[in-house]
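This is query-v2.txt. It holds compact mmCIF, C-alpha atoms.
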```txt
# COMPACT_ATOMS: atom_id res chain seq x y z
CA MET A 1473 -97.48 -7.93 -40.50
CA ASN A 1474 -97.97 -4.22 -40.96
CA LYS A 1475 -94.45 -2.80 -40.99
CA LYS A 1476 -93.96 0.92 -40.93
CA GLY A 1477 -90.71 2.79 -41.25
CA LEU A 1478 -88.51 4.98 -43.44
CA SER A 1479 -87.54 3.72 -46.81
CA PRO A 1480 -83.76 2.93 -47.18
CA ALA A 1481 -83.39 5.80 -49.66
CA ILE A 1482 -84.80 8.41 -47.24
CA ALA A 1483 -82.79 6.98 -44.33
CA THR A 1484 -79.59 7.28 -46.40
CA VAL A 1485 -80.41 10.85 -47.40
CA LEU A 1486 -81.08 11.73 -43.75
CA LEU A 1487 -77.81 10.19 -42.58
CA ILE A 1488 -75.78 11.96 -45.25
CA SER A 1489 -77.49 15.29 -44.45
CA LEU A 1490 -76.77 14.82 -40.76
CA ALA A 1491 -73.12 14.03 -41.48
CA LEU A 1492 -72.82 17.12 -43.73
CA ILE A 1493 -74.40 19.38 -41.12
CA LEU A 1494 -72.11 18.02 -38.41
CA ALA A 1495 -69.04 18.42 -40.64
CA THR A 1496 -70.02 22.04 -41.44
CA LEU A 1497 -70.55 22.86 -37.77
CA ILE A 1498 -67.19 21.35 -36.78
CA PHE A 1499 -65.42 23.16 -39.65
CA ILE A 1500 -66.92 26.54 -38.67
CA TRP A 1501 -66.01 25.98 -35.02
CA ALA A 1502 -62.49 24.76 -35.76
CA SER A 1503 -61.72 27.52 -38.27
CA SER A 1504 -62.61 30.13 -35.64
CA LEU A 1505 -59.95 28.61 -33.39
CA ILE A 1506 -57.18 28.72 -35.97
CA LYS A 1507 -55.67 32.17 -36.38
CA GLU A 1508 -54.55 33.04 -39.88
CA LYS A 1509 -50.94 34.21 -39.91
CA ASN A 1510 -49.83 37.55 -41.24
CA GLN A 1511 -48.16 36.89 -44.61
CA LYS A 1512 -45.91 38.73 -47.03
CA PHE A 1513 -44.75 37.49 -50.42
CA GLY A 1514 -46.82 34.34 -49.76
CA GLU A 1515 -44.75 33.40 -46.71
CA PRO A 1516 -45.02 34.06 -42.98
CA ILE A 1517 -44.15 37.72 -42.47
CA GLU A 1518 -41.28 36.81 -40.10
CA ASN A 1519 -39.37 35.50 -43.15
CA ALA A 1520 -39.63 38.93 -44.82
CA CYS A 1521 -38.34 40.52 -41.59
CA ASP A 1522 -35.13 38.53 -41.93
CA ASP A 1523 -34.52 40.14 -45.34
CA ILE A 1524 -34.79 43.74 -44.13
CA VAL A 1525 -31.60 45.76 -44.47
CA PHE A 1526 -31.58 49.44 -43.54
CA ILE A 1527 -29.39 52.12 -42.04
CA ALA A 1528 -30.62 54.87 -39.74
CA GLU A 1529 -29.32 58.00 -38.04
CA ALA A 1530 -31.13 60.40 -35.73
CA TYR A 1531 -30.20 64.07 -35.74
CA GLY A 1532 -31.93 67.44 -36.02
CA GLY A 1533 -35.13 65.95 -34.59
CA LYS A 1534 -35.42 63.61 -37.55
CA LEU A 1535 -34.79 59.98 -38.27
CA HIS A 1536 -32.84 59.58 -41.51
CA VAL A 1537 -33.32 56.14 -42.99
CA ALA A 1538 -32.10 54.40 -46.13
CA ASN A 1539 -33.62 51.10 -47.19
CA LYS A 1540 -30.79 48.89 -48.44
CA GLY A 1541 -32.87 45.74 -48.78
CA LYS A 1542 -35.68 44.55 -51.00
CA VAL A 1543 -38.48 44.59 -48.44
CA PRO A 1544 -40.54 47.82 -48.46
CA ILE A 1545 -40.62 49.49 -45.03
CA GLN A 1546 -43.75 51.30 -43.89
CA GLY A 1547 -42.63 52.89 -40.66
CA PHE A 1548 -40.60 52.50 -37.49
CA GLU A 1549 -41.14 51.85 -33.84
CA ILE A 1550 -38.81 53.93 -31.68
CA LYS A 1551 -37.67 52.86 -28.23
CA LYS A 1552 -35.28 54.45 -25.77
CA LYS A 1553 -32.65 52.31 -24.11
CA THR A 1554 -31.44 53.29 -20.66
CA GLU A 1555 -29.47 51.44 -18.05
CA GLY A 1556 -31.94 48.80 -16.99
CA SER A 1557 -34.87 49.47 -19.27
CA ILE A 1558 -36.09 49.63 -22.85
CA GLU A 1559 -39.29 51.66 -23.26
CA ASN A 1560 -41.46 52.62 -26.21
CA LEU A 1561 -41.26 56.24 -27.34
CA GLY A 1562 -43.74 55.88 -30.17
CA THR A 1563 -44.31 54.87 -33.75
CA ILE A 1564 -43.70 56.76 -36.95
CA GLU A 1565 -45.78 55.61 -39.88
CA GLU A 1566 -46.08 57.58 -43.10
CA THR A 1567 -48.30 57.02 -46.08
CA LYS A 1568 -45.09 56.77 -48.08
CA THR A 1569 -43.57 53.31 -48.37
CA LEU A 1570 -39.79 53.24 -48.21
CA GLY A 1571 -38.92 51.04 -51.18
CA GLU A 1572 -35.68 49.36 -52.23
CA GLY A 1573 -32.77 51.86 -52.35
CA GLU A 1574 -34.91 54.77 -51.15
CA SER A 1575 -34.14 57.09 -48.27
CA TYR A 1576 -36.41 59.35 -46.25
CA GLU A 1577 -36.43 61.72 -43.28
CA TYR A 1578 -39.07 60.96 -40.68
CA SER A 1579 -39.93 63.63 -38.14
CA LEU A 1580 -39.47 62.38 -34.59
CA GLY A 1581 -41.82 65.04 -33.28
CA ASP A 1582 -41.66 65.34 -29.51
CA MET A 1583 -40.16 61.91 -28.98
CA LEU A 1584 -36.71 63.19 -28.04
CA ILE A 1585 -37.94 65.83 -25.60
CA ASN A 1586 -37.28 65.03 -21.95
CA ILE A 1587 -35.74 61.65 -22.63
CA ASP A 1588 -32.99 60.49 -20.31
CA THR A 1589 -30.81 58.74 -22.88
CA THR A 1590 -29.40 59.15 -26.34
CA GLU A 1591 -29.53 55.48 -27.20
CA LEU A 1592 -32.47 54.58 -29.41
CA ILE A 1593 -33.70 51.30 -30.82
CA VAL A 1594 -35.27 51.61 -34.25
CA THR A 1595 -37.48 48.72 -35.33
CA PRO A 1596 -38.94 48.59 -38.85
CA ILE A 1597 -42.66 48.07 -39.50
CA ILE A 1598 -43.79 46.28 -42.64
CA TYR A 1599 -47.22 45.44 -44.00
CA GLY A 1600 -48.51 41.95 -44.62
CA LEU A 1601 -51.85 40.38 -45.43
CA GLN A 1602 -53.99 38.74 -42.81
CA LYS A 1603 -57.49 37.55 -43.72
CA GLY A 1604 -57.31 39.79 -46.80
CA GLN A 1605 -56.59 42.87 -44.69
CA ARG A 1606 -53.37 44.89 -44.75
CA THR A 1607 -51.84 44.38 -41.33
CA ALA A 1608 -48.77 46.02 -39.81
CA HIS A 1609 -46.03 43.87 -38.33
CA VAL A 1610 -43.15 45.09 -36.17
CA CYS A 1611 -39.94 43.28 -37.17
CA ASP A 1612 -38.22 42.87 -33.80
CA SER A 1613 -35.54 40.70 -35.37
CA SER A 1614 -34.38 43.62 -37.54
CA GLU A 1615 -34.06 46.31 -34.87
CA LEU A 1616 -31.13 48.70 -34.98
CA ASN A 1617 -29.44 50.45 -32.06
CA ILE A 1618 -28.46 54.05 -32.83
CA ILE A 1619 -27.28 57.13 -30.94
CA ALA A 1620 -29.51 60.18 -31.26
CA GLU A 1621 -27.35 63.23 -31.92
CA GLY A 1622 -28.51 66.62 -30.78
CA VAL A 1623 -29.89 65.37 -27.49
CA ALA A 1624 -27.57 67.23 -25.14
CA PRO A 1625 -26.43 64.90 -22.33
CA SER A 1626 -26.28 67.89 -19.99
CA LEU A 1627 -30.02 68.31 -20.39
CA LEU A 1628 -30.79 64.68 -19.84
CA GLY A 1629 -32.83 63.36 -16.99
CA MET B 245 -110.62 -7.13 -25.95
CA GLU B 246 -108.03 -5.78 -23.59
CA ASN B 247 -108.94 -2.33 -22.38
CA LYS B 248 -105.96 -0.23 -23.44
CA LYS B 249 -105.58 3.26 -21.96
CA GLY B 250 -102.94 5.84 -22.76
CA VAL B 251 -102.31 9.31 -24.03
CA SER B 252 -103.32 10.09 -27.54
CA THR B 253 -100.64 10.58 -30.17
CA VAL B 254 -101.44 14.30 -30.29
CA VAL B 255 -100.94 14.72 -26.56
CA ALA B 256 -97.82 12.57 -26.67
CA SER B 257 -96.40 14.73 -29.46
CA ILE B 258 -97.16 17.92 -27.55
CA VAL B 259 -95.52 16.53 -24.42
CA ILE B 260 -92.41 15.46 -26.36
CA VAL B 261 -92.17 18.85 -28.11
CA MET B 262 -92.53 20.67 -24.78
CA LEU B 263 -89.91 18.44 -23.22
CA THR B 264 -87.55 19.16 -26.09
CA VAL B 265 -88.12 22.90 -25.76
CA LEU B 266 -87.45 22.70 -22.02
CA VAL B 267 -84.23 20.74 -22.61
CA VAL B 268 -83.07 23.28 -25.23
CA ILE B 269 -83.80 26.16 -22.84
CA PHE B 270 -81.92 24.40 -20.04
CA ILE B 271 -78.90 23.71 -22.24
CA SER B 272 -78.77 27.25 -23.64
CA GLN B 273 -79.20 28.91 -20.26
CA PHE B 274 -77.01 26.73 -18.04
CA ILE B 275 -74.89 24.20 -19.89
CA ILE B 276 -73.54 26.45 -22.70
CA PRO B 277 -72.54 29.38 -20.39
CA TYR B 278 -70.95 26.89 -17.98
CA VAL B 279 -68.95 25.21 -20.74
CA LYS B 280 -68.00 28.60 -22.27
CA ASN B 281 -66.81 29.87 -18.92
CA ASN B 282 -64.71 26.80 -18.31
CA LEU B 283 -63.35 26.84 -21.85
CA TYR B 284 -62.30 30.48 -21.37
CA LYS B 285 -60.66 29.70 -18.04
CA SER B 286 -58.78 26.78 -19.50
CA SER B 287 -57.56 28.75 -22.51
CA GLU B 288 -57.04 32.30 -21.15
CA CYS B 289 -53.36 31.60 -20.44
CA LEU B 290 -52.61 29.99 -23.81
CA ASP B 291 -51.60 33.27 -25.47
CA TYR B 292 -49.35 34.19 -22.54
CA GLN B 293 -47.11 31.12 -22.49
CA LYS B 294 -44.15 33.09 -23.87
CA TYR B 295 -45.24 36.65 -23.07
CA PHE B 296 -42.44 37.45 -20.61
CA SER B 297 -38.82 36.44 -21.05
CA PHE B 298 -35.46 37.28 -19.54
CA ASP B 299 -33.76 39.90 -21.72
CA ASP B 300 -29.99 39.48 -21.93
CA SER B 301 -29.45 42.58 -24.08
CA LEU B 302 -29.01 44.74 -20.97
CA ARG B 303 -26.36 42.31 -19.68
CA TYR B 304 -27.99 41.61 -16.32
CA ASN B 305 -29.88 38.50 -15.21
CA CYS B 306 -27.16 37.67 -12.71
CA LYS B 307 -26.06 38.43 -9.14
CA LYS B 308 -24.17 41.69 -8.79
CA THR B 309 -21.87 41.98 -5.79
CA GLY B 310 -23.36 44.36 -3.25
CA THR B 311 -26.53 44.86 -5.27
CA GLY B 312 -28.16 41.46 -5.46
CA TYR B 313 -29.98 39.79 -8.30
CA VAL B 314 -30.66 42.13 -11.22
CA LEU B 315 -33.26 40.72 -13.60
CA SER B 316 -34.36 42.22 -16.91
CA ILE B 317 -37.77 41.10 -18.12
CA LYS B 318 -39.02 41.67 -21.65
CA ALA B 319 -42.64 41.51 -22.81
CA GLU B 320 -43.20 40.08 -26.26
CA GLY B 321 -46.17 39.16 -28.41
CA GLN B 322 -49.25 40.79 -29.85
CA LYS B 323 -50.01 44.29 -28.59
CA GLU B 324 -53.62 43.38 -27.81
CA LEU B 325 -52.46 40.83 -25.22
CA GLU B 326 -51.32 43.73 -23.05
CA LYS B 327 -54.84 44.61 -21.88
CA ASN B 328 -55.21 41.43 -19.82
CA ILE B 329 -51.81 41.64 -18.14
CA GLY B 330 -51.95 42.30 -14.42
CA GLY B 331 -48.25 41.83 -13.74
CA LEU B 332 -45.57 39.19 -13.53
CA LYS B 333 -44.28 36.80 -10.92
CA LEU B 334 -40.66 35.87 -10.32
CA VAL B 335 -40.06 32.55 -8.61
CA PHE B 336 -36.60 31.92 -7.15
CA TYR B 337 -35.33 28.41 -6.46
CA ARG B 338 -32.63 27.10 -4.17
CA SER B 339 -32.27 23.71 -2.53
CA GLY B 340 -35.19 23.33 -0.17
CA LYS B 341 -36.64 26.77 -0.80
CA ILE B 342 -38.88 28.38 -3.38
CA PHE B 343 -39.67 32.06 -3.12
CA GLY B 344 -42.03 34.15 -5.23
CA LEU B 345 -42.15 37.90 -5.85
CA GLU B 346 -44.91 39.74 -7.65
CA VAL B 347 -44.52 42.82 -9.84
CA LYS B 348 -47.62 44.92 -10.43
CA ASN B 349 -47.90 48.39 -11.92
CA GLY B 350 -47.83 51.10 -9.27
CA LYS B 351 -46.97 48.73 -6.43
CA SER B 352 -44.18 50.14 -4.26
CA GLY B 353 -40.92 48.34 -3.85
CA ASN B 354 -39.27 47.64 -0.50
CA ASP B 355 -35.74 47.38 0.87
CA THR B 356 -35.05 44.07 -0.82
CA PHE B 357 -37.09 44.15 -4.02
CA PHE B 358 -37.29 47.28 -6.18
CA MET B 359 -36.88 48.81 -9.64
CA ILE B 360 -33.30 49.21 -10.87
CA ASP B 361 -33.89 52.98 -11.06
CA LYS B 362 -33.29 53.11 -7.29
CA ILE B 363 -29.65 52.24 -7.97
CA VAL B 364 -28.87 53.78 -11.35
CA ARG B 365 -30.89 57.00 -10.97
CA PHE B 366 -31.38 57.08 -7.21
CA ALA B 367 -35.11 57.27 -7.93
CA ASP B 368 -37.29 55.02 -5.79
CA ILE B 369 -40.12 54.62 -8.29
CA PRO B 370 -43.07 52.19 -8.09
CA PHE B 371 -42.88 48.96 -10.07
CA LYS B 372 -43.45 49.10 -13.81
CA VAL B 373 -44.54 46.00 -15.69
CA PRO B 374 -42.97 46.02 -19.18
CA LYS B 375 -45.43 46.76 -21.98
CA THR B 376 -45.25 44.78 -25.20
CA GLY B 377 -41.80 45.25 -26.73
CA GLU B 378 -40.39 46.87 -23.59
CA THR B 379 -37.90 45.68 -20.98
CA GLN B 380 -37.75 46.57 -17.29
CA SER B 381 -35.15 45.56 -14.72
CA TYR B 382 -35.72 44.66 -11.08
CA VAL B 383 -33.35 44.17 -8.17
CA TYR B 384 -33.77 41.50 -5.52
CA ASN B 385 -31.20 42.32 -2.87
CA VAL B 386 -30.71 39.27 -0.66
CA SER B 387 -27.69 37.41 0.62
CA GLU B 388 -29.15 33.95 -0.07
CA LEU B 389 -27.89 32.15 -3.13
CA TYR B 390 -30.55 30.98 -5.54
CA ASN B 391 -29.92 28.52 -8.37
CA LYS B 392 -32.53 29.63 -10.87
CA VAL B 393 -35.43 31.98 -11.40
CA GLU B 394 -38.61 31.59 -13.43
CA VAL B 395 -41.04 34.22 -14.69
CA TYR B 396 -44.81 33.72 -14.81
CA THR B 397 -47.67 35.84 -16.15
CA LEU B 398 -50.22 37.39 -13.82
CA LEU B 399 -53.53 38.18 -15.48
CA LYS B 400 -55.84 41.06 -14.57
CA SER B 401 -58.40 38.45 -13.52
CA GLY B 402 -56.04 37.72 -10.62
CA ARG B 403 -54.97 34.39 -12.03
CA THR B 404 -51.33 33.35 -12.16
CA CYS B 405 -50.78 31.36 -15.34
CA GLU B 406 -49.35 27.99 -14.34
CA GLY B 407 -46.89 27.54 -17.19
CA LYS B 408 -43.58 29.36 -16.74
CA ASN B 409 -42.78 31.86 -19.47
CA ASP B 410 -39.02 31.55 -19.16
CA GLU B 411 -36.28 30.48 -16.76
CA ILE B 412 -32.58 31.18 -16.28
CA SER B 413 -29.79 29.87 -14.08
CA LEU B 414 -28.50 32.45 -11.64
CA GLU B 415 -24.79 33.16 -11.50
CA ASN B 416 -22.55 36.01 -10.48
CA CYS B 417 -22.25 38.87 -12.96
CA ALA B 418 -19.03 38.97 -14.94
```

Conversion result in structure tokens:
Amino acid sequence: MNKKGLSPAIATVLLISLALILATLIFIWASSLIKEKNQKFGEPIENACDDIVFIAEAYGGKLHVANKGKVPIQGFEIKKKTEGSIENLGTIEETKTLGEGESYEYSLGDMLINIDTTELIVTPIIYGLQKGQRTAHVCDSSELNIIAEGVAPSLLG
Amino acid sequence: MENKKGVSTVVASIVIVMLTVLVVIFISQFIIPYVKNNLYKSSECLDYQKYFSFDDSLRYNCKKTGTGYVLSIKAEGQKELEKNIGGLKLVFYRSGKIFGLEVKNGKSGNDTFFMIDKIVRFADIPFKVPKTGETQSYVYNVSELYNKVEVYTLLKSGRTCEGKNDEISLENCA
């Protein structure tokens, strides 16, 4: 009988190739679904947030900050706290990194003009690595409530 | 010899190739967009499961005598999630009754549901949905007693995400 068909060797090669192609396709698809986490010091960046220690005061239109911890701070997110709301005023980010033991004066610009409170929430921003890119992360767990001096209550609201 | 008739192998091959091309076109034009659309719909709420939460830092989330329920809602998560937010929905529960209230930017309040600014600053401002990292407080001034309240995300697409973001028991303020 005249039998025609693929040789076992070619059939095996075809099956393996098919399996490899399928595995590659599934890997590419699955890896696009998984988001890489922002990391610092080889750990999730949230862990570095827990190690942030800083003190801050706001007066003379400036935010005076001293970094008392080991985690470098890149900037701050400023919010105003009123009775019933917490709203973003803006972000201050400088090219200078505030390292361990360092202090710096950040200009608050126009942030304190026309605000109806003196209570501010200062939240540090640190940089981590995400997909090889430097990515900013706001450390909500390390926020600090401060009173802005020089904002006359009589002029509020 | 039996008279065998049929298409030649060349014609058969051409027909099979054409059929394959037609199937590929059909899948790429109809099936893939349909699946993509359904996948998007089924996953668009995934990132918003914990977007809104009740914020206790302002010491509300309770029933104030004479004022009603004062609820502080905080928005958390990635900043880029903000662009798809259409608002939030508060769902109040009591035995035998469920009642929902929607908060959308710019929507006016009424006599029973409004921004807290109407009380603390005597300013009757339209509703503000908290942006990422922000907190806003709302007053629901009713005499009925509710046991708990849940907060849900409303997307710009008009969809209310089914999963509750957060819930609290309602009690009188201290």

Would you kindly report the residues of chain B within 9 Å of chain A, using all atoms listed in the file, as a list in words? Leu302, Arg303, Tyr304, Val314, Leu315, Ser316, Ile317, Lys318, Met359, Ile360, Asp361, Val364, Arg365, Pro374, Lys375, Thr376, Gly377, Glu378, Thr379, Gln380, Ser381 and Tyr382 of chain B

Select from region 1530-1558 of chain A every residue with an atom at most 6 Å from any atom of region 1564-1582 of chain A, then for each give the shortest pair of atoms and their distance in Å to one decimal, using all atoms listed in the file, rows by chain and rising number, as CSV.
```
residue,atom,partner,partner_atom,distance
A:Gly1533,CA,A:Leu1580,CA,5.6
A:Lys1534,CA,A:Ser1579,CA,4.5
A:Leu1535,CA,A:Tyr1578,CA,5.0
A:His1536,CA,A:Glu1577,CA,4.5
A:Val1537,CA,A:Ser1575,CA,5.4
A:Ala1538,CA,A:Ser1575,CA,4.0
A:Asn1539,CA,A:Gly1573,CA,5.3
A:Lys1540,CA,A:Gly1573,CA,5.3
A:Gly1541,CA,A:Glu1572,CA,5.7
A:Lys1542,CA,A:Glu1572,CA,5.0
A:Pro1544,CA,A:Gly1571,CA,4.5
A:Ile1545,CA,A:Leu1570,CA,5.0
A:Gln1546,CA,A:Thr1569,CA,4.9
A:Gly1547,CA,A:Glu1565,CA,4.2
A:Phe1548,CA,A:Ile1564,CA,5.3
```

To one decimal in Å, tell me the separation between CA of Leu325 (chain B) and CA of Val1525 (chain A).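 Between these atoms lies a distance of 28.8 Å.
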
Rounded to one decimal in Å, what is the spacing between CA of Lys372 (chain B) and CA of Gly331 (chain B)? 8.7 Å

For a test of reading the model, state the distance in Å between CA of Leu334 (chain B) and CA of Phe366 (chain B), rounded to one decimal.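 Separation of CA of Leu334 (chain B) and CA of Phe366 (chain B): 23.4 Å.
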
Need to verify the contact set: region 282-295 of chain B, 6 Å, only C-alpha atoms, exclusion of same-chain residues closer than 4 positions in sequence. Can you return it as a ChimeraX atom specification? /B:319-321,405,409

Contact residues around region 1528-1532 of chain A with all atoms listed in the file at 8 Å, ignoring same-chain residues under 4 positions, as a ChimeraX atom specification: /A:1536-1538,1594,1616,1618-1622

Polymer residues at most 8 Å from region 412-416 of chain B, all atoms listed in the file, same-chain spacing of 2 or more positions, as a short mmCIF file (atom, residue, chain, number, x, y, z; two decimals) with C-alpha atoms, in the frame of the given file:
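Saved to part-v7.cif:
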```
data_model
loop_
_atom_site.label_atom_id
_atom_site.label_comp_id
_atom_site.auth_asym_id
_atom_site.auth_seq_id
_atom_site.Cartn_x
_atom_site.Cartn_y
_atom_site.Cartn_z
CA PHE B 298 -35.46 37.28 -19.54
CA ASN B 305 -29.88 38.50 -15.21
CA CYS B 306 -27.16 37.67 -12.71
CA LYS B 307 -26.06 38.43 -9.14
CA LYS B 308 -24.17 41.69 -8.79
CA THR B 309 -21.87 41.98 -5.79
CA TYR B 390 -30.55 30.98 -5.54
CA ASN B 391 -29.92 28.52 -8.37
CA LYS B 392 -32.53 29.63 -10.87
CA VAL B 393 -35.43 31.98 -11.40
CA GLU B 394 -38.61 31.59 -13.43
CA ASP B 410 -39.02 31.55 -19.16
CA ALA B 418 -19.03 38.97 -14.94
#
```

Give the centre and edge lengths of an axis-aligned box, in Å to one decimal, that holds all listed atoms of region 327-342 of chain B with 6 Å on each side, as JSON.
```
{"center_x": -43.7, "center_y": 34.0, "center_z": -11.0, "size_x": 34.9, "size_y": 33.3, "size_z": 33.7}
```

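Minimum atom-to-atom distance to Gly312 (chain B), evaluated using all atoms listed in the file, belongs to B:Asn385 out of B:Asn354, B:Thr264, B:Ser401, B:Asn385.
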
Write out as a PyMOL selection string the residues lying within 9 Å of Val347 (chain B), counting all atoms listed in the file and excluding same-chain residues fewer than 4 positions away. chain B and resi 330-334+351+353+371-373+398
